[in-house]
>>> print(open('target04.cif').read())   # mmCIF, C-alpha atoms
data_data
#
loop_
_atom_site.label_atom_id
_atom_site.label_comp_id
_atom_site.auth_asym_id
_atom_site.auth_seq_id
_atom_site.Cartn_x
_atom_site.Cartn_y
_atom_site.Cartn_z
CA MET B 460 -3.04 18.21 1.57
CA GLY B 461 -2.27 15.83 4.32
CA SER B 462 -0.48 12.55 3.85
CA LEU B 463 -3.61 10.45 4.21
CA PRO B 464 -7.15 11.38 3.34
CA GLN B 465 -9.12 11.46 6.54
CA LYS B 466 -12.58 11.41 5.12
CA MET B 467 -14.17 10.59 1.85
CA SER B 468 -17.89 10.89 1.47
CA ILE B 469 -18.37 10.23 -2.20
CA GLN B 470 -21.37 8.03 -2.64
CA VAL B 471 -21.12 4.90 -4.72
CA LYS B 472 -24.02 5.37 -7.05
CA SER B 473 -24.04 2.20 -9.08
CA ALA B 474 -24.00 -1.31 -7.74
CA ASP B 475 -22.47 -3.26 -10.59
CA PRO B 476 -20.89 -6.67 -9.93
CA ALA B 477 -17.36 -5.25 -10.02
CA GLU B 478 -18.17 -2.75 -7.28
CA ILE B 479 -19.98 -5.36 -5.20
CA ARG B 480 -16.95 -7.63 -5.51
CA GLU B 481 -14.67 -4.74 -4.57
CA GLN B 482 -16.72 -3.94 -1.50
CA GLY B 483 -16.55 -7.60 -0.50
CA LEU B 484 -12.77 -7.58 -0.86
CA ILE B 485 -12.52 -4.43 1.23
CA ARG B 486 -14.54 -6.03 4.00
CA ARG B 487 -12.32 -9.13 3.90
CA VAL B 488 -9.13 -7.06 4.13
CA GLN B 489 -10.61 -5.02 6.95
CA ALA B 490 -11.43 -8.28 8.71
CA GLY B 491 -7.78 -9.29 8.53
CA GLU B 492 -7.40 -11.12 5.20
CA LYS B 493 -4.49 -8.99 4.07
CA GLN B 494 -3.42 -11.50 1.45
CA VAL B 495 -6.37 -10.49 -0.76
CA PHE B 496 -5.37 -6.83 -0.77
CA TYR B 497 -3.50 -7.14 -4.03
CA GLU B 498 -6.70 -8.30 -5.75
CA LEU B 499 -8.26 -5.07 -4.57
CA VAL B 500 -5.42 -2.94 -5.88
CA LYS B 501 -4.71 -4.75 -9.14
CA PRO B 502 -7.33 -2.94 -11.29
CA TYR B 503 -5.82 0.40 -10.27
CA GLU B 504 -2.13 -0.36 -10.77
CA ARG B 505 -1.85 1.72 -13.91
CA ARG B 506 -3.86 4.52 -12.41
CA ILE B 507 -1.75 4.89 -9.30
CA TYR B 508 1.48 4.57 -11.24
CA SER B 509 0.40 7.22 -13.72
CA ALA B 510 -0.60 9.55 -10.90
CA ALA B 511 2.81 9.12 -9.30
CA PHE B 512 4.68 9.44 -12.60
CA ALA B 513 2.77 12.57 -13.58
CA ILE B 514 4.12 14.21 -10.45
CA LEU B 515 7.59 12.70 -10.20
CA ARG B 516 8.57 12.27 -13.88
CA ASN B 517 10.84 9.39 -12.96
CA GLU B 518 9.91 5.74 -13.43
CA ALA B 519 11.77 4.38 -10.43
CA GLU B 520 10.54 7.11 -8.08
CA ALA B 521 7.00 6.79 -9.40
CA GLU B 522 7.01 3.05 -8.84
CA ASP B 523 8.38 3.50 -5.35
CA ALA B 524 5.75 6.12 -4.54
CA ALA B 525 3.00 3.88 -5.91
CA GLN B 526 4.22 0.97 -3.81
CA GLU B 527 4.44 3.14 -0.72
CA ALA B 528 0.92 4.36 -1.35
CA VAL B 529 -0.40 0.80 -1.64
CA LEU B 530 1.33 -0.20 1.58
CA LYS B 531 -0.04 2.88 3.30
CA ALA B 532 -3.52 2.07 2.06
CA LEU B 533 -3.20 -1.44 3.47
CA THR B 534 -1.99 -0.12 6.80
CA HIS B 535 -4.88 2.32 7.04
CA ILE B 536 -7.58 0.19 5.47
CA GLN B 537 -9.65 0.43 8.64
CA GLN B 538 -10.00 4.16 8.02
CA PHE B 539 -11.60 3.59 4.66
CA ARG B 540 -15.31 4.24 4.78
CA ALA B 541 -17.72 1.99 2.97
CA ASP B 542 -19.53 4.86 1.29
CA ALA B 543 -16.36 6.12 -0.40
CA ARG B 544 -14.90 5.01 -3.71
CA PHE B 545 -11.83 2.88 -3.16
CA SER B 546 -10.12 4.00 -6.36
CA THR B 547 -10.45 7.65 -5.38
CA TRP B 548 -9.13 6.98 -1.91
CA LEU B 549 -6.18 5.05 -3.28
CA THR B 550 -5.46 7.69 -5.91
CA GLN B 551 -5.51 10.42 -3.33
CA ILE B 552 -3.04 8.54 -1.13
CA THR B 553 -0.81 8.05 -4.16
CA VAL B 554 -0.91 11.72 -5.12
CA ASN B 555 -0.05 12.68 -1.56
CA GLU B 556 2.78 10.19 -1.45
CA ALA B 557 4.22 11.38 -4.76
CA LEU B 558 3.99 15.03 -3.77
CA MET B 559 5.67 14.31 -0.47
CA LYS B 560 8.43 12.44 -2.26
CA ARG B 561 8.85 15.24 -4.75
CA ARG B 562 9.07 17.85 -2.01
CA LYS B 563 11.72 15.81 -0.22
CA ALA B 564 13.87 14.89 -3.18
CA HIS B 565 13.36 17.68 -5.64
CA ALA B 566 13.15 21.01 -3.94
CA GLU B 567 12.05 23.23 -6.77
CA ILE B 568 14.72 25.77 -7.57
CA MET B 569 12.70 27.52 -10.22
CA GLU B 570 9.33 28.94 -9.42
CA PRO B 571 6.65 26.70 -10.88
CA ILE B 572 4.43 28.15 -13.56
CA GLY B 573 1.36 29.82 -12.15
CA GLU B 574 2.57 29.81 -8.55
CA ARG B 575 1.79 33.48 -7.99
CA GLU B 576 -1.33 33.67 -10.07
CA GLU B 577 -4.71 33.95 -8.46
CA ASP B 578 -7.70 31.71 -9.09
CA ASP B 579 -9.72 34.48 -10.66
CA GLY B 580 -10.58 32.51 -13.78
CA THR B 581 -8.63 34.69 -16.17
CA TYR B 582 -5.84 33.35 -18.33
CA THR B 583 -4.73 34.63 -21.65
CA PRO B 584 -3.38 32.00 -24.04
CA ARG B 585 -0.04 32.90 -25.57
CA ASP B 586 -0.10 30.97 -28.81
CA PHE B 587 -2.84 31.38 -31.37
CA ALA B 588 -1.17 29.67 -34.29
CA ASP B 589 -3.00 27.09 -36.31
CA TRP B 590 -3.48 23.87 -34.39
CA ARG B 591 -4.56 20.46 -35.40
CA GLU B 592 -5.58 17.25 -33.69
CA ILE B 593 -2.70 15.18 -32.38
CA PRO B 594 -3.16 11.45 -32.94
CA SER B 595 -2.79 9.38 -29.81
CA GLU B 596 -0.20 7.25 -31.62
CA VAL B 597 2.40 9.90 -30.76
CA LEU B 598 2.32 8.50 -27.27
CA GLU B 599 4.08 5.40 -28.55
CA ARG B 600 7.22 7.53 -28.49
CA LYS B 601 8.80 7.63 -25.11
CA GLU B 602 10.46 11.00 -25.60
CA ILE B 603 7.08 12.59 -26.27
CA ARG B 604 5.65 11.04 -23.15
CA GLN B 605 8.62 12.42 -21.28
CA LYS B 606 8.07 15.92 -22.73
CA LEU B 607 4.44 15.79 -21.68
CA ALA B 608 5.45 14.70 -18.21
CA ASP B 609 8.04 17.48 -18.05
CA ALA B 610 5.45 20.06 -18.98
CA LEU B 611 3.08 18.80 -16.32
CA SER B 612 5.84 18.86 -13.77
CA ALA B 613 6.49 22.53 -14.52
CA LEU B 614 3.04 23.51 -13.22
CA ALA B 615 2.51 24.80 -9.73
CA GLU B 616 1.37 22.09 -7.35
CA LYS B 617 -2.19 23.35 -6.92
CA TYR B 618 -2.80 23.16 -10.66
CA ARG B 619 -0.95 19.91 -11.13
CA LYS B 620 -2.96 18.16 -8.43
CA VAL B 621 -6.28 19.14 -9.98
CA PHE B 622 -5.09 18.18 -13.46
CA VAL B 623 -3.76 14.80 -12.35
CA LEU B 624 -6.94 13.86 -10.54
CA ARG B 625 -9.33 15.20 -13.15
CA ASP B 626 -7.64 14.59 -16.51
CA ILE B 627 -5.30 11.70 -15.79
CA GLN B 628 -7.22 9.83 -13.11
CA HIS B 629 -10.56 10.81 -14.64
CA LEU B 630 -12.19 11.72 -11.37
CA SER B 631 -15.32 13.80 -11.64
CA ILE B 632 -15.28 17.45 -10.64
CA GLU B 633 -17.09 16.53 -7.42
CA GLU B 634 -14.64 13.75 -6.62
CA THR B 635 -11.68 16.01 -7.31
CA ALA B 636 -13.12 18.73 -5.11
CA GLU B 637 -13.77 16.20 -2.35
CA ALA B 638 -10.33 14.67 -2.62
CA LEU B 639 -8.57 18.03 -2.45
CA GLY B 640 -10.94 19.66 -0.01
CA ILE B 641 -11.72 22.58 -2.31
CA SER B 642 -14.89 23.86 -3.95
CA ARG B 643 -16.21 22.80 -7.34
CA ALA B 644 -15.61 26.31 -8.59
CA SER B 645 -11.95 26.15 -7.55
CA VAL B 646 -11.55 22.83 -9.32
CA LYS B 647 -12.96 24.31 -12.52
CA THR B 648 -10.82 27.43 -12.34
CA ARG B 649 -7.60 25.55 -11.59
CA LEU B 650 -8.35 22.98 -14.25
CA LEU B 651 -8.84 25.70 -16.87
CA ARG B 652 -5.51 27.26 -15.95
CA ALA B 653 -3.70 23.93 -15.90
CA ARG B 654 -5.02 22.95 -19.32
CA LEU B 655 -4.23 26.30 -20.92
CA MET B 656 -0.79 26.51 -19.34
CA LEU B 657 0.03 23.01 -20.58
CA ARG B 658 -1.21 23.94 -24.01
CA ASP B 659 1.07 26.97 -24.06
CA LEU B 660 4.00 24.97 -22.72
CA LEU B 661 3.65 22.27 -25.30
CA ALA B 662 3.03 24.55 -28.25
CA PRO B 663 5.91 26.38 -29.93
CA GLY B 664 8.86 26.39 -27.55
CA LEU B 665 8.78 22.79 -26.46
CA GLY B 666 6.69 21.45 -29.27
CA GLY B 667 8.65 22.36 -32.34
CA ALA B 668 11.62 20.11 -31.83
CA PHE B 669 10.06 16.98 -30.57
CA PHE B 670 7.15 16.93 -32.97
CA SER B 671 9.36 17.71 -35.95
CA ARG B 672 9.66 14.01 -36.78
CA LEU B 673 5.91 13.61 -36.97
CA PRO B 674 4.30 13.48 -40.39
CA PHE B 675 2.60 16.86 -40.14
CA GLU B 676 2.07 19.01 -43.10
CA LYS B 677 4.96 21.31 -43.83
CA GLY B 678 4.57 24.72 -42.27
CA THR B 679 1.85 23.79 -39.81
CA LYS B 680 2.23 23.48 -36.06
CA PRO B 681 1.32 20.18 -34.56
CA TRP B 682 -1.08 21.70 -32.03
CA MET L 674 -26.19 35.45 -27.01
CA VAL L 675 -22.83 36.63 -28.31
CA VAL L 676 -19.51 35.86 -26.64
CA ASN L 677 -16.11 37.46 -27.12
CA CYS L 678 -12.67 35.79 -27.12
CA GLU L 679 -11.97 36.43 -23.40
CA HIS L 680 -15.27 34.83 -22.50
CA VAL L 681 -14.42 31.82 -24.65
CA TRP L 682 -11.01 31.39 -22.99
CA ARG L 683 -12.67 31.48 -19.58
CA GLU L 684 -15.15 28.80 -20.52
CA VAL L 685 -13.16 26.59 -22.90
CA SER L 686 -12.41 24.05 -20.16
CA ASN L 687 -16.05 23.89 -19.07
CA TYR L 688 -17.01 23.58 -22.73
CA LEU L 689 -14.85 20.48 -23.08
CA ASP L 690 -16.28 19.00 -19.89
CA GLY L 691 -19.89 19.73 -20.86
CA GLU L 692 -20.23 21.98 -17.84
CA ILE L 693 -21.99 24.87 -19.55
CA ASP L 694 -25.60 25.49 -20.36
CA PRO L 695 -26.89 24.93 -23.92
CA GLU L 696 -27.21 28.63 -24.65
CA LEU L 697 -23.57 29.37 -23.90
CA ARG L 698 -22.49 26.25 -25.79
CA ALA L 699 -24.32 27.40 -28.87
CA ALA L 700 -22.80 30.87 -28.60
CA MET L 701 -19.29 29.43 -28.24
CA GLU L 702 -19.75 27.12 -31.20
CA ALA L 703 -20.83 30.08 -33.29
CA HIS L 704 -17.74 31.96 -32.13
CA PHE L 705 -15.41 29.08 -33.01
CA LYS L 706 -16.70 29.11 -36.56
CA GLU L 707 -15.54 32.67 -36.98
CA CYS L 708 -12.48 32.90 -34.72
CA LYS L 709 -9.36 31.03 -35.79
CA HIS L 710 -7.48 31.91 -32.58
CA CYS L 711 -10.15 30.57 -30.29
CA THR L 712 -10.42 27.43 -32.40
CA ALA L 713 -6.66 26.94 -31.95
CA VAL L 714 -7.12 27.34 -28.20
CA LEU L 715 -9.99 24.84 -28.20
CA VAL L 716 -8.17 22.22 -30.28
CA GLY L 717 -4.92 22.62 -28.36
CA THR L 718 -6.71 22.29 -25.03
CA ARG L 719 -8.59 19.23 -26.26
CA ASN L 720 -5.26 17.71 -27.34
CA VAL L 721 -3.89 18.25 -23.85
CA VAL L 722 -6.88 16.55 -22.25
CA GLN L 723 -6.86 13.62 -24.67
CA LEU L 724 -3.13 12.98 -24.60
CA TYR L 725 -2.74 13.13 -20.85
CA GLY L 726 -5.89 11.11 -20.35
CA ASN L 727 -4.73 8.38 -22.69
CA GLU L 728 -3.75 5.09 -21.08
CA ARG L 729 -0.60 4.95 -23.17
CA MET L 730 0.68 8.16 -21.65
CA PHE L 731 1.82 6.33 -18.55
CA GLU L 732 2.77 2.76 -19.27
CA LEU L 733 3.41 0.45 -16.39
CA PRO L 734 7.08 -0.54 -16.19
CA ALA L 735 7.76 -4.22 -16.84
CA GLY L 736 7.53 -6.25 -13.64
CA PHE L 737 5.60 -3.58 -11.77
CA SER L 738 2.88 -5.98 -10.63
CA HIS L 739 5.35 -8.61 -9.52
CA ARG L 740 7.37 -6.12 -7.49
CA LEU L 741 4.25 -4.69 -5.90
CA GLN L 742 3.07 -8.15 -4.87
CA ARG L 743 6.49 -8.94 -3.46
CA ARG L 744 6.48 -5.70 -1.45
CA LEU L 745 3.04 -6.50 -0.07
CA ALA L 746 4.21 -10.00 0.86
CA GLN L 747 7.24 -8.54 2.58
CA GLN L 748 5.04 -6.29 4.66
CA SER L 749 2.88 -9.22 5.67
CA SER L 750 5.94 -11.23 6.67
CA TYR L 751 7.23 -8.17 8.47
CA GLY L 752 4.02 -8.17 10.47
CA PHE L 753 4.53 -11.86 11.20
CA GLN L 754 8.11 -11.16 12.23
CA ASN L 755 6.81 -8.50 14.58
CA ILE L 756 4.57 -11.06 16.27
CA ARG L 757 7.48 -13.48 16.47
CA ALA L 758 9.66 -10.73 17.93
CA LEU L 759 7.01 -10.10 20.58
CA TRP L 760 7.04 -13.78 21.50
CA ILE L 761 10.82 -13.78 21.71
CA MET L 762 10.70 -10.69 23.91
CA ALA L 763 8.11 -12.31 26.19
CA ILE L 764 10.21 -15.47 26.50
CA ALA L 765 13.32 -13.40 27.20
CA ALA L 766 11.46 -11.43 29.86
CA ALA L 767 10.27 -14.65 31.51
CA ALA L 768 13.81 -16.03 31.43
CA LEU L 769 15.04 -12.81 33.00
CA VAL L 770 12.52 -13.11 35.83
CA VAL L 771 13.41 -16.75 36.47
CA GLY L 772 17.10 -15.92 36.34
CA GLY L 773 16.58 -13.00 38.70
CA VAL L 774 14.80 -15.19 41.21
CA ALA L 775 17.56 -17.79 40.98
CA LEU L 776 20.21 -15.13 41.44
CA GLY L 777 18.32 -13.72 44.40
CA ASN L 778 18.27 -17.16 45.98
CA ILE L 779 21.99 -17.45 45.54
CA VAL L 780 22.73 -14.01 46.94
CA PHE L 781 20.29 -13.90 49.79
CA ARG L 782 19.86 -17.49 50.86
CA GLN L 783 21.37 -18.76 54.05
CA PRO L 784 24.77 -20.34 53.54
CA GLU L 785 24.93 -24.02 54.20
CA THR L 786 25.84 -24.85 57.70
CA LYS L 787 28.71 -27.10 58.48
CA SER L 788 27.45 -28.45 61.71
CA PRO L 789 25.53 -31.72 61.51
CA LEU L 790 23.65 -30.62 64.57
CA ALA L 791 22.44 -27.41 63.11
CA GLN L 792 18.79 -26.63 63.51
CA THR L 793 16.86 -23.72 62.18
CA PRO L 794 16.14 -21.41 65.09
CA HIS L 795 12.62 -20.19 65.68
CA GLY L 796 11.82 -16.79 67.01
CA ILE L 797 15.40 -15.82 67.73
CA PRO L 798 15.62 -12.03 68.02
CA PRO L 799 17.58 -10.86 64.98
CA ASN L 800 19.30 -8.14 66.95
CA LEU L 801 20.35 -10.44 69.74
CA ILE L 802 24.04 -9.96 70.45
CA VAL L 803 25.92 -13.19 69.97
CA TYR L 804 29.55 -14.30 69.86
CA VAL L 805 31.43 -16.48 67.45
CA SER L 806 34.94 -17.77 67.21
CA ASP L 807 36.94 -18.53 64.13
CA ASP L 808 37.34 -22.21 64.77
CA SER L 809 33.66 -22.93 65.18
CA ARG L 810 30.44 -22.53 63.16
CA VAL L 811 28.31 -21.98 66.23
CA PHE L 812 27.18 -18.71 67.68
CA HIS L 813 26.58 -18.29 71.37
CA ALA L 814 24.68 -16.09 73.75
CA PRO L 815 26.84 -13.88 75.95
CA GLY L 816 28.30 -15.91 78.78
CA CYS L 817 27.93 -19.33 77.13
CA LYS L 818 30.59 -21.60 78.53
CA TYR L 819 30.86 -23.50 75.29
CA LEU L 820 32.20 -20.55 73.35
CA HIS L 821 35.68 -21.32 72.12
CA LYS L 822 38.05 -18.76 73.46
CA HIS L 823 41.52 -17.99 72.32
CA ASP L 824 43.96 -15.72 74.04
CA ASP L 825 45.32 -14.29 70.84
CA GLU L 826 41.99 -13.76 69.17
CA PRO L 827 38.97 -12.64 71.15
CA PRO L 828 35.49 -13.85 70.08
CA LYS L 829 33.76 -11.75 67.48
CA GLN L 830 30.55 -9.95 68.37
CA MET L 831 27.62 -9.66 65.96
CA THR L 832 23.86 -9.90 65.84
CA ALA L 833 22.05 -13.21 65.53
CA SER L 834 20.83 -12.35 62.02
CA GLU L 835 24.36 -11.49 60.89
CA ALA L 836 25.64 -14.73 62.35
CA MET L 837 22.99 -16.75 60.57
CA LYS L 838 23.74 -14.99 57.28
CA GLU L 839 27.35 -16.01 57.63
CA GLY L 840 26.35 -19.61 58.16
CA TYR L 841 26.70 -19.86 61.92
CA VAL L 842 24.19 -22.00 63.74
CA PRO L 843 22.85 -21.43 67.24
CA CYS L 844 24.45 -23.17 70.14
CA VAL L 845 22.20 -26.01 71.20
CA ARG L 846 22.82 -25.23 74.80
CA CYS L 847 22.80 -21.54 75.41
CA LEU L 848 20.21 -20.89 72.72
CA ARG L 849 18.15 -24.05 73.00
CA GLN L 850 15.03 -22.10 73.85
CA TYR L 851 14.96 -21.13 70.16
CA LEU L 852 15.34 -24.69 68.93
CA LYS L 853 12.59 -27.21 68.48
CA ALA L 854 14.34 -30.31 69.74
CA GLU L 855 16.92 -31.12 72.28
CA VAL L 856 19.99 -32.38 70.56
CA GLU L 857 22.49 -34.71 72.00
CA CYS L 858 25.70 -32.87 71.66
CA PRO L 859 28.78 -35.06 71.49
CA ARG L 860 30.96 -34.42 74.40
CA PRO L 861 34.41 -33.15 73.63
CA SER L 862 37.27 -35.53 74.17
CA ILE L 863 38.84 -35.39 77.57
CA ASP L 864 42.16 -34.86 75.92
CA SER L 865 41.11 -31.85 73.96
CA PRO L 866 42.45 -28.49 75.08
CA GLN L 867 38.91 -27.10 75.00
CA TRP L 868 37.83 -29.63 77.60
CA ALA L 869 40.87 -28.89 79.64
CA ARG L 870 40.04 -25.18 79.62
CA GLN L 871 36.38 -25.70 80.47
CA SER L 872 37.10 -28.16 83.26
CA ASN L 873 39.55 -25.98 85.09
CA GLY L 874 36.97 -24.71 87.55
CA SER L 875 35.61 -21.85 85.59
CA ALA L 876 31.84 -22.08 86.05
CA GLN L 877 30.93 -19.18 83.76
CA PRO L 878 32.85 -18.41 80.66
CA THR L 879 34.00 -14.90 80.34
CA LEU L 880 33.97 -13.15 77.05
#
>>> encode(input="target04.cif", output="structure tokens")
Amino acid sequence: MGSLPQKMSIQVKSADPAEIREQGLIRRVQAGEKQVFYELVKPYERRIYSAAFAILRNEAEAEDAAQEAVLKALTHIQQFRADARFSTWLTQITVNEALMKRRKAHAEIMEPIGEREEDDGTYTPRDFADWREIPSEVLERKEIRQKLADALSALAEKYRKVFVLRDIQHLSIEETAEALGISRASVKTRLLRARLMLRDLLAPGLGGAFFSRLPFEKGTKPW
Amino acid sequence: MVVNCEHVWREVSNYLDGEIDPELRAAMEAHFKECKHCTAVLVGTRNVVQLYGNERMFELPAGFSHRLQRRLAQQSSYGFQNIRALWIMAIAAAALVVGGVALGNIVFRQPETKSPLAQTPHGIPPNLIVYVSDDSRVFHAPGCKYLHKHDDEPPKQMTASEAMKEGYVPCVRCLRQYLKAEVECPRPSIDSPQWARQSNGSAQPTL
């Protein structure tokens, strides 16, 4: 994936007031009103930060990558096409920026999970113990968020990218495929693997200790 | 339609995304009712999707917005500084050109002449051989009787252009054809040694 998306052809289907306003802001920035660029970016601050953090696992590095991505988007705003979705374009730049930063600063010593596996759609789950719904309140605990981020970081890049765009950034399958330049089928296959690998990672080995303080029933696994 | 566990694992992600046809969905739901393992896979995978997709998973650090705005403002001012730097460079370049011209004038201009009678010659051949003496600022054509001659120091030979560069002016007598106006040259004093030498019967000065 290159450092900057060269083309985005996702059609904006709806024409709600927020999108019309966004398109107006884009035109103003493209016409030279750079001071309104922050207004354009503001609704997506959390999204771009989360995309960067999901890849980098470090608050300071994620913030830096998100800022760099915003500056890069401003610099290349003329390349943005009106028929694309700004949030997708911005997210893609952020993911690229974070991956580039990660490659520079954190050369992976250990082979990421799934690196050598093929996209043939087969994956055998490792843990079949009894699972239960995890309440979203667990995310109030920073150490759990960190464990989740660590697990995500352990995935091979091709799976992590699809997962970040699809499940964290909530892009559609089509948008994810477009952003990564791969087919819909590849998105689905990689997403399946990413989800199942994360499930396995977060189940017994990593899960036992950090969920032990949660009020689960005795003898049951949290997942 | 009946599905086995492997089939369910292959489609569990599509099941969660609603990317399967109704027939397969119904078959998978029937399978989940009977298979505890596949239900564990389904619930665990759904947990993954819901937790990572939750807004609280990645909270913005305090001050993130402020720092982002400041960074954007810095870039804008950096752009402004670039424009200012271009202006400074343009002004410096102009100053350099003006300075260069001034320096050129100093280096290449004719030195000021000392003679009050000096006139700018017109059409004088630059390669014309002329003679000068140390005690005068006038250059002469060969044979000019007004050339100051000294026994211990013979007149120096050079071209007219070299003489003019060094500040010598043409003799108003021997080179008057190159001057616009006739100039009244003050006669040397009768007591001066020059006069004495020139009036000793020598009609043509020898170089």
>>> closest_atom_pairs(input="target04.cif", of="chain L", to="chain B", cutoff="6 Å", atoms="all atoms listed in the file", output="CSV")
residue,atom,partner,partner_atom,distance
L:Ser686,CA,B:Leu651,CA,5.1
L:His710,CA,B:Phe587,CA,4.8
L:Ala713,CA,B:Trp590,CA,5.0
L:Gly717,CA,B:Trp682,CA,5.4
L:Thr718,CA,B:Arg658,CA,5.8
L:Tyr725,CA,B:Ile627,CA,5.8
L:Gly726,CA,B:Ile627,CA,4.6
L:Met730,CA,B:Leu598,CA,5.9
L:Phe731,CA,B:Ser509,CA,5.1
L:Leu733,CA,B:Arg505,CA,6.0
>>> resolve_selection(input="target04.cif", expression="the PyMOL selection byres ((chain B and resi 485-490) around 10)", output="number ranges by chain")
B: 479-484, 491-499, 533-541, 545
>>> closest_residue(input="target04.cif", among="L:Ala765, L:Met831, L:Met674, L:Leu820", to="Val845 in chain L", atoms="all atoms listed in the file")
L:Leu820
>>> axis_aligned_box(input="target04.cif", around="range 486-494 of chain B", padding_each_side="5 Å", output="lines of an AutoDock Vina configuration file")
center_x = -9.0
center_y = -8.3
center_z = 5.1
size_x = 21.1
size_y = 16.5
size_z = 17.3
>>> atom_distance(input="target04.cif", atom1="CA of Thr550 in chain B", atom2="CA of Ile693 in chain L")
27.5 Å
>>> atom_distance(input="target04.cif", atom1="CA of Ala638 in chain B", atom2="CA of Asn727 in chain L")
21.8 Å
>>> residues_near_point(input="target04.cif", point="(-16.7, 36.0, -30.4)", cutoff="12 Å", atoms="all atoms listed in the file", output="PDB file with C-alpha atoms, in the coordinates of the input")
ATOM      1  CA  MET L 674     -26.190  35.450 -27.010  1.00  0.00           C
ATOM      2  CA  VAL L 675     -22.830  36.630 -28.310  1.00  0.00           C
ATOM      3  CA  VAL L 676     -19.510  35.860 -26.640  1.00  0.00           C
ATOM      4  CA  ASN L 677     -16.110  37.460 -27.120  1.00  0.00           C
ATOM      5  CA  CYS L 678     -12.670  35.790 -27.120  1.00  0.00           C
ATOM      6  CA  GLU L 679     -11.970  36.430 -23.400  1.00  0.00           C
ATOM      7  CA  HIS L 680     -15.270  34.830 -22.500  1.00  0.00           C
ATOM      8  CA  VAL L 681     -14.420  31.820 -24.650  1.00  0.00           C
ATOM      9  CA  TRP L 682     -11.010  31.390 -22.990  1.00  0.00           C
ATOM     10  CA  LEU L 697     -23.570  29.370 -23.900  1.00  0.00           C
ATOM     11  CA  ALA L 699     -24.320  27.400 -28.870  1.00  0.00           C
ATOM     12  CA  ALA L 700     -22.800  30.870 -28.600  1.00  0.00           C
ATOM     13  CA  MET L 701     -19.290  29.430 -28.240  1.00  0.00           C
ATOM     14  CA  GLU L 702     -19.750  27.120 -31.200  1.00  0.00           C
ATOM     15  CA  ALA L 703     -20.830  30.080 -33.290  1.00  0.00           C
ATOM     16  CA  HIS L 704     -17.740  31.960 -32.130  1.00  0.00           C
ATOM     17  CA  PHE L 705     -15.410  29.080 -33.010  1.00  0.00           C
ATOM     18  CA  LYS L 706     -16.700  29.110 -36.560  1.00  0.00           C
ATOM     19  CA  GLU L 707     -15.540  32.670 -36.980  1.00  0.00           C
ATOM     20  CA  CYS L 708     -12.480  32.900 -34.720  1.00  0.00           C
ATOM     21  CA  LYS L 709      -9.360  31.030 -35.790  1.00  0.00           C
ATOM     22  CA  HIS L 710      -7.480  31.910 -32.580  1.00  0.00           C
ATOM     23  CA  CYS L 711     -10.150  30.570 -30.290  1.00  0.00           C
ATOM     24  CA  THR L 712     -10.420  27.430 -32.400  1.00  0.00           C
TER      25      THR L 712
END
>>> closest_residue(input="target04.cif", among="B:Ile514, B:Gln551, B:Asp609, B:Glu520", to="Ala532 in chain B", atoms="only C-alpha atoms")
B:Gln551
>>> residues_near_point(input="target04.cif", point="(28.6, -24.2, 75.8)", cutoff="7 Å", atoms="only C-alpha atoms", output="PyMOL selection string")
chain L and resi 817-820+846-847
>>> atom_distance(input="target04.cif", atom1="CA of Ala557 in chain B", atom2="CA of Ala477 in chain B")
27.7 Å
>>> resolve_selection(input="target04.cif", expression="the PyMOL selection byres ((chain L and resi 796-806) around 10)", output="JSON, numbers by chain")
{"L": [793, 794, 795, 807, 808, 809, 810, 811, 812, 813, 814, 815, 816, 817, 820, 821, 822, 823, 826, 827, 828, 829, 830, 831, 832, 833, 834, 835, 836, 837, 841, 842, 843, 848, 850, 851, 852, 880]}
